[in-house]
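Data first, discussion second: the structure below is written as structure tokens.
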Amino acid sequence: MADPTDKVRRGVRERDGERCVACGTMWAITFQHRRAVGMGGSKERPGYADGLAACADCNARFEGNMQTLALLNGWKVRRWVQDPSRVPYFHVATGRWYALAADGPWRREISRAEAVRMMNDVYAPDPRGPEAVAA
Ligand SMILES: [Zn+2]
């Protein structure tokens with residue numbers, strides 16, 4: 001995956017309140033690629049939902065000993081997820097869950113229940129369909 005444009009980089013940073021999503025610091029904020037950057041060198045540029053604001057320390061740890069935590073909080077998204085805006089994320093500084101827009105630097109606060117529902121839709125869809133889940 002190519003680098004994000006300056007516009008996307010700036011938009012993601014501002015959307016996330018200039019704070020690391022995982023520890024809340026304002027120091028050394030980087031563009032965190034939610035999907036692992038592939039080896040193939042895709043020319044696709046990351047969009048708004050592909051990135052989060054994360055400090056350099058947390059960004060590095062997401063690939064290491066924080067990987068499971070990062071997936072559970074939506075800081076990382078499985079590589080095969082086509083549309084990362086389907087995966088919400090938790091922001092430690094606000095203590096809230098957010099759904100991301102794919103087409104702009106916006107986020108919408110959602111309930112924890114909605115976050116769980118969104119995560120399940122992506123990672124553990126019920127084979128009986130959405131009606132069975134609602135019942
Ligand atoms: Zn951090």
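Ordering of the structure tokens sets the chain letters (A, B, ...), residue numbers begin anew at 1 in every chain, and ligands are numbered from 1 in the order given.
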Which of segment 19-93 of chain A fall in strand (DSSP E), as a PyMOL selection string
chain A and resi 29-33+51-55+89-91
Based on DSSP run over this structure's backbone, return all residues of segment 64-104 of chain A in helix (DSSP H, G or I), as a VMD selection string.
chain A and resid 67 to 72 84 to 86
Neighbourhood of ligand 1 at 9 Å, counting only C-alpha atoms and all ligand atoms, reported as a list in words:
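Residues satisfying the distance criterion: Arg19, Cys20, Val21, Ala22, Cys23, Gly24, Thr25, Met26, Trp27, Ala28, Ile29, Ala53, Ala54, Cys55, Ala56, Asp57, Cys58 and Asn59 of chain A.
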Include N, CA, C and O atoms and write out the residues we just selected as a PDB file, in the first residue's frame.
```pdb
ATOM      1  N   ARG A  19      -4.437  12.796  19.115  1.00  0.00           N
ATOM      2  CA  ARG A  19      -3.995  11.927  20.212  1.00  0.00           C
ATOM      3  C   ARG A  19      -3.910  10.477  19.752  1.00  0.00           C
ATOM      4  O   ARG A  19      -4.719  10.026  18.939  1.00  0.00           O
ATOM      5  N   CYS A  20      -2.970   9.767  20.329  1.00  0.00           N
ATOM      6  CA  CYS A  20      -2.829   8.335  20.055  1.00  0.00           C
ATOM      7  C   CYS A  20      -4.096   7.609  20.517  1.00  0.00           C
ATOM      8  O   CYS A  20      -4.548   7.801  21.648  1.00  0.00           O
ATOM      9  N   VAL A  21      -4.652   6.779  19.635  1.00  0.00           N
ATOM     10  CA  VAL A  21      -5.885   6.063  19.972  1.00  0.00           C
ATOM     11  C   VAL A  21      -5.681   5.064  21.112  1.00  0.00           C
ATOM     12  O   VAL A  21      -6.618   4.724  21.817  1.00  0.00           O
ATOM     13  N   ALA A  22      -4.449   4.609  21.295  1.00  0.00           N
ATOM     14  CA  ALA A  22      -4.198   3.532  22.253  1.00  0.00           C
ATOM     15  C   ALA A  22      -3.712   4.010  23.617  1.00  0.00           C
ATOM     16  O   ALA A  22      -3.985   3.374  24.632  1.00  0.00           O
ATOM     17  N   CYS A  23      -2.989   5.135  23.673  1.00  0.00           N
ATOM     18  CA  CYS A  23      -2.471   5.586  24.972  1.00  0.00           C
ATOM     19  C   CYS A  23      -2.806   7.044  25.259  1.00  0.00           C
ATOM     20  O   CYS A  23      -2.599   7.513  26.376  1.00  0.00           O
ATOM     21  N   GLY A  24      -3.319   7.761  24.268  1.00  0.00           N
ATOM     22  CA  GLY A  24      -3.781   9.133  24.498  1.00  0.00           C
ATOM     23  C   GLY A  24      -2.726  10.217  24.427  1.00  0.00           C
ATOM     24  O   GLY A  24      -3.053  11.405  24.536  1.00  0.00           O
ATOM     25  N   THR A  25      -1.475   9.849  24.228  1.00  0.00           N
ATOM     26  CA  THR A  25      -0.435  10.867  24.190  1.00  0.00           C
ATOM     27  C   THR A  25      -0.572  11.746  22.938  1.00  0.00           C
ATOM     28  O   THR A  25      -1.193  11.350  21.948  1.00  0.00           O
ATOM     29  N   MET A  26      -0.002  12.950  23.008  1.00  0.00           N
ATOM     30  CA  MET A  26       0.028  13.841  21.848  1.00  0.00           C
ATOM     31  C   MET A  26       1.418  13.867  21.229  1.00  0.00           C
ATOM     32  O   MET A  26       1.672  14.599  20.283  1.00  0.00           O
ATOM     33  N   TRP A  27       2.318  13.045  21.759  1.00  0.00           N
ATOM     34  CA  TRP A  27       3.700  13.034  21.284  1.00  0.00           C
ATOM     35  C   TRP A  27       3.907  12.048  20.137  1.00  0.00           C
ATOM     36  O   TRP A  27       3.374  10.953  20.173  1.00  0.00           O
ATOM     37  N   ALA A  28       4.711  12.456  19.185  1.00  0.00           N
ATOM     38  CA  ALA A  28       5.162  11.555  18.108  1.00  0.00           C
ATOM     39  C   ALA A  28       4.008  10.817  17.446  1.00  0.00           C
ATOM     40  O   ALA A  28       4.037   9.597  17.277  1.00  0.00           O
ATOM     41  N   ILE A  29       2.972  11.561  17.058  1.00  0.00           N
ATOM     42  CA  ILE A  29       1.802  10.947  16.418  1.00  0.00           C
ATOM     43  C   ILE A  29       2.146  10.548  14.981  1.00  0.00           C
ATOM     44  O   ILE A  29       2.702  11.332  14.221  1.00  0.00           O
ATOM     45  N   ALA A  53      -4.664   7.792  14.225  1.00  0.00           N
ATOM     46  CA  ALA A  53      -3.544   8.469  14.864  1.00  0.00           C
ATOM     47  C   ALA A  53      -3.009   7.572  15.973  1.00  0.00           C
ATOM     48  O   ALA A  53      -3.753   7.133  16.840  1.00  0.00           O
ATOM     49  N   ALA A  54      -1.733   7.258  15.912  1.00  0.00           N
ATOM     50  CA  ALA A  54      -1.115   6.455  16.966  1.00  0.00           C
ATOM     51  C   ALA A  54       0.309   6.957  17.169  1.00  0.00           C
ATOM     52  O   ALA A  54       0.962   7.379  16.214  1.00  0.00           O
ATOM     53  N   CYS A  55       0.777   6.914  18.397  1.00  0.00           N
ATOM     54  CA  CYS A  55       2.146   7.356  18.656  1.00  0.00           C
ATOM     55  C   CYS A  55       3.112   6.301  18.101  1.00  0.00           C
ATOM     56  O   CYS A  55       2.728   5.152  17.864  1.00  0.00           O
ATOM     57  N   ALA A  56       4.337   6.696  17.904  1.00  0.00           N
ATOM     58  CA  ALA A  56       5.325   5.797  17.304  1.00  0.00           C
ATOM     59  C   ALA A  56       5.502   4.522  18.134  1.00  0.00           C
ATOM     60  O   ALA A  56       5.625   3.422  17.581  1.00  0.00           O
ATOM     61  N   ASP A  57       5.468   4.657  19.462  1.00  0.00           N
ATOM     62  CA  ASP A  57       5.643   3.478  20.328  1.00  0.00           C
ATOM     63  C   ASP A  57       4.503   2.482  20.146  1.00  0.00           C
ATOM     64  O   ASP A  57       4.739   1.286  19.953  1.00  0.00           O
ATOM     65  N   CYS A  58       3.274   2.979  20.246  1.00  0.00           N
ATOM     66  CA  CYS A  58       2.117   2.076  20.108  1.00  0.00           C
ATOM     67  C   CYS A  58       2.070   1.496  18.705  1.00  0.00           C
ATOM     68  O   CYS A  58       1.799   0.302  18.527  1.00  0.00           O
ATOM     69  N   ASN A  59       2.325   2.337  17.696  1.00  0.00           N
ATOM     70  CA  ASN A  59       2.311   1.884  16.311  1.00  0.00           C
ATOM     71  C   ASN A  59       3.211   0.653  16.146  1.00  0.00           C
ATOM     72  O   ASN A  59       2.815  -0.353  15.567  1.00  0.00           O
TER      73      ASN A  59
END
```
Closest of A:Pro125, A:Pro4, A:Gly95, A:Gly74 to Pro46 of chain A - atom-to-atom distances counting only C-alpha atoms
A:Pro4
Closest of A:Ala70, A:Ala99, A:Ala60, A:Ala49 to Thr30 of chain A, counting only C-alpha atoms, is A:Ala60
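Distance check against Lys7 of chain A using only C-alpha atoms: of A:Arg112, A:Lys76, A:Arg45, A:Arg61, the minimum falls on A:Arg45.
Of note, atom CA of Phe31 of chain A and atom CA of Leu69 of chain A are spaced 18.2 Å apart.
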When you look at Ser85 of chain A with a cut-off of 12 Å (counting only C-alpha atoms), what residues show up, excluding the ones that are within fewer than 3 positions of it in the same chain? I need them as a VMD selection string.
chain A and resid 34 to 35 46 to 52 74 to 77 81 to 82 88 to 89 98 to 108 115 118 to 119 122
With only C-alpha atoms as the basis for distance, which of A:Ser111, A:Thr5, A:Asn120, A:Thr68 is at the shortest distance from Trp97 of chain A?
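Looking only at the distances to Trp97 of chain A, the closest residue turns out to be A:Ser111.
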Using only C-alpha atoms: which of A:Arg9, A:Phe62, A:Leu71, A:Val37 has the shortest distance to Tyr123 of chain A:
A:Leu71
